[in-house]
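One structure is given here, and the rest of the page talks about it.
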Amino acid sequence: MRKLFLPFLAVVFFVSESLFVELWPKHIWDEQYVFVPRFLLIFLLFVTIYVTRTQGIVYGVIFGLLYDVVYTEILGVYMFAFPLIAYVAAKVMKWFHTYLVVTCFLSMVFISVLEFYVYGIQLLIGKTTMSFEQFYSYRLLPTLLVNALFLLVFSYPLKQRLVKMHEREE
């Protein structure tokens, strides 16, 4: 049962992104703001940092492909981005301690990197007409706000659970 906990948690974070979008009260904020939850990316980063790099990359490939199939029209965007971000995060964490504050800060940085990457791909193939100023104001900042609130609430319990799970496996 313990071996199924990590895949189960990954599926929960994957599904929670779409549930968050559906349940988010749209009338509170102006309609032009785009709040993009990146809970799965946060989970992948925490797995990479607190469990193992290999598991973070493997889950990145699997859920990146699943993300592409379910949510996007272009296959390969997230399947390439998620494992690459997990790999870079593992390399960056060799220079830092695995403090929760550092992990949360790096999660926000990598969410920004992913948003810029997806925006660039969409701009390159002509799927968006959003200018950079609009992207920054109406998508990037609200996305960072939502994910910062998520990190504020769930980062400590997630870290504790993953560290405990990793210690049991060893």
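Going through the structure tokens in order, the chains are called A, B, and so on, while each chain numbers its residues from 1 and the ligands are numbered from 1 in the order shown.
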
Per-residue DSSP, chain A, filtered to helix (DSSP H, G or I), as number ranges by chain: A: 2-23, 39-50, 53-71, 77-92, 100-125, 132-169

Give me a file of those residues, with C-alpha atoms, as a short mmCIF file (atom, residue, chain, number, x, y, z; two decimals), in the first residue's frame.
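New file result_19.cif:
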```cif
data_model
loop_
_atom_site.label_atom_id
_atom_site.label_comp_id
_atom_site.auth_asym_id
_atom_site.auth_seq_id
_atom_site.Cartn_x
_atom_site.Cartn_y
_atom_site.Cartn_z
CA ARG A 2 2.88 2.36 0.74
CA LYS A 3 4.24 1.89 -2.78
CA LEU A 4 0.98 3.17 -4.22
CA PHE A 5 0.93 6.32 -2.10
CA LEU A 6 3.19 8.41 -4.35
CA PRO A 7 1.33 7.59 -7.60
CA PHE A 8 -1.96 8.18 -5.81
CA LEU A 9 -0.75 11.56 -4.57
CA ALA A 10 0.43 12.47 -8.08
CA VAL A 11 -3.00 11.66 -9.49
CA VAL A 12 -4.64 13.73 -6.74
CA PHE A 13 -2.51 16.76 -7.62
CA PHE A 14 -3.13 16.20 -11.33
CA VAL A 15 -6.90 16.12 -10.86
CA SER A 16 -6.90 18.93 -8.29
CA GLU A 17 -5.68 21.40 -10.91
CA SER A 18 -8.78 20.95 -13.06
CA LEU A 19 -11.04 20.88 -10.01
CA PHE A 20 -9.51 24.13 -8.80
CA VAL A 21 -10.21 25.80 -12.14
CA GLU A 22 -13.80 24.55 -12.16
CA LEU A 23 -14.52 25.53 -8.55
CA PHE A 39 0.01 21.95 -8.23
CA LEU A 40 1.39 19.00 -10.17
CA LEU A 41 4.63 20.85 -10.94
CA ILE A 42 4.99 21.75 -7.26
CA PHE A 43 4.45 18.10 -6.38
CA LEU A 44 7.06 16.99 -8.95
CA LEU A 45 9.56 19.47 -7.55
CA PHE A 46 8.96 18.28 -4.00
CA VAL A 47 9.33 14.65 -5.09
CA THR A 48 12.57 15.51 -6.90
CA ILE A 49 13.99 17.35 -3.91
CA TYR A 50 12.72 15.27 -0.98
CA ARG A 53 15.68 12.82 -8.67
CA THR A 54 14.87 9.70 -10.68
CA GLN A 55 11.32 9.46 -9.37
CA GLY A 56 10.78 13.17 -10.02
CA ILE A 57 11.93 12.83 -13.63
CA VAL A 58 9.93 9.64 -14.26
CA TYR A 59 6.77 11.16 -12.81
CA GLY A 60 7.52 14.26 -14.88
CA VAL A 61 7.57 12.29 -18.11
CA ILE A 62 4.47 10.24 -17.28
CA PHE A 63 2.35 13.11 -16.01
CA GLY A 64 3.74 15.50 -18.61
CA LEU A 65 2.42 13.21 -21.34
CA LEU A 66 -0.86 12.82 -19.47
CA TYR A 67 -1.06 16.60 -19.07
CA ASP A 68 -0.49 17.08 -22.81
CA VAL A 69 -3.14 14.52 -23.74
CA VAL A 70 -5.80 15.77 -21.33
CA TYR A 71 -5.29 19.55 -21.22
CA VAL A 77 5.19 20.57 -24.44
CA TYR A 78 4.70 19.45 -20.85
CA MET A 79 6.23 16.02 -21.43
CA PHE A 80 9.48 17.82 -22.21
CA ALA A 81 9.13 20.62 -19.64
CA PHE A 82 8.23 18.65 -16.51
CA PRO A 83 11.19 16.23 -16.51
CA LEU A 84 13.59 18.97 -17.60
CA ILE A 85 12.48 21.20 -14.73
CA ALA A 86 12.79 18.26 -12.32
CA TYR A 87 16.32 17.57 -13.56
CA VAL A 88 17.39 21.22 -13.31
CA ALA A 89 15.82 21.46 -9.85
CA ALA A 90 17.83 18.45 -8.70
CA LYS A 91 21.03 20.04 -10.03
CA VAL A 92 20.23 23.42 -8.46
CA LEU A 100 11.38 24.42 2.94
CA VAL A 101 11.76 28.14 2.22
CA VAL A 102 14.36 27.43 -0.47
CA THR A 103 12.16 24.73 -1.99
CA CYS A 104 9.15 27.05 -2.06
CA PHE A 105 11.19 29.87 -3.62
CA LEU A 106 12.57 27.54 -6.28
CA SER A 107 9.06 26.23 -6.93
CA MET A 108 7.93 29.77 -7.67
CA VAL A 109 10.94 30.32 -9.94
CA PHE A 110 10.25 27.10 -11.85
CA ILE A 111 6.55 27.93 -12.15
CA SER A 112 7.62 31.21 -13.77
CA VAL A 113 10.01 29.34 -16.07
CA LEU A 114 7.22 26.95 -17.10
CA GLU A 115 4.81 29.81 -17.73
CA PHE A 116 7.34 31.65 -19.90
CA TYR A 117 8.13 28.43 -21.76
CA VAL A 118 4.47 27.65 -22.48
CA TYR A 119 3.79 31.27 -23.45
CA GLY A 120 6.78 31.20 -25.81
CA ILE A 121 5.63 27.96 -27.46
CA GLN A 122 2.09 29.29 -27.83
CA LEU A 123 3.41 32.55 -29.28
CA LEU A 124 5.76 30.71 -31.64
CA ILE A 125 3.05 28.57 -33.18
CA PHE A 132 4.01 40.17 -23.14
CA GLU A 133 2.54 42.92 -20.96
CA GLN A 134 -0.83 41.19 -20.96
CA PHE A 135 0.80 37.85 -20.23
CA TYR A 136 2.75 39.31 -17.33
CA SER A 137 -0.18 41.21 -15.81
CA TYR A 138 -3.10 38.91 -16.49
CA ARG A 139 -1.56 35.44 -16.42
CA LEU A 140 1.87 35.27 -14.76
CA LEU A 141 1.20 37.35 -11.63
CA PRO A 142 -2.20 35.75 -10.85
CA THR A 143 -0.66 32.31 -11.43
CA LEU A 144 2.18 33.06 -9.03
CA LEU A 145 -0.31 34.36 -6.47
CA VAL A 146 -2.47 31.22 -6.58
CA ASN A 147 0.51 28.90 -6.40
CA ALA A 148 2.12 30.90 -3.58
CA LEU A 149 -1.07 30.51 -1.57
CA PHE A 150 -1.07 26.79 -2.34
CA LEU A 151 2.54 26.54 -1.18
CA LEU A 152 1.73 28.49 1.97
CA VAL A 153 -0.97 26.00 2.91
CA PHE A 154 0.34 22.66 1.63
CA SER A 155 4.14 22.83 1.45
CA TYR A 156 4.90 21.84 5.04
CA PRO A 157 2.55 18.81 5.20
CA LEU A 158 3.69 17.69 1.75
CA LYS A 159 7.36 17.93 2.70
CA GLN A 160 6.82 16.07 5.97
CA ARG A 161 4.91 13.27 4.25
CA LEU A 162 7.46 12.86 1.45
CA VAL A 163 10.44 12.91 3.82
CA LYS A 164 8.78 10.33 6.06
CA MET A 165 7.98 8.16 3.05
CA HIS A 166 11.57 8.42 1.76
CA GLU A 167 12.97 7.48 5.18
CA ARG A 168 10.74 4.38 5.30
CA GLU A 169 11.92 3.27 1.87
#
```
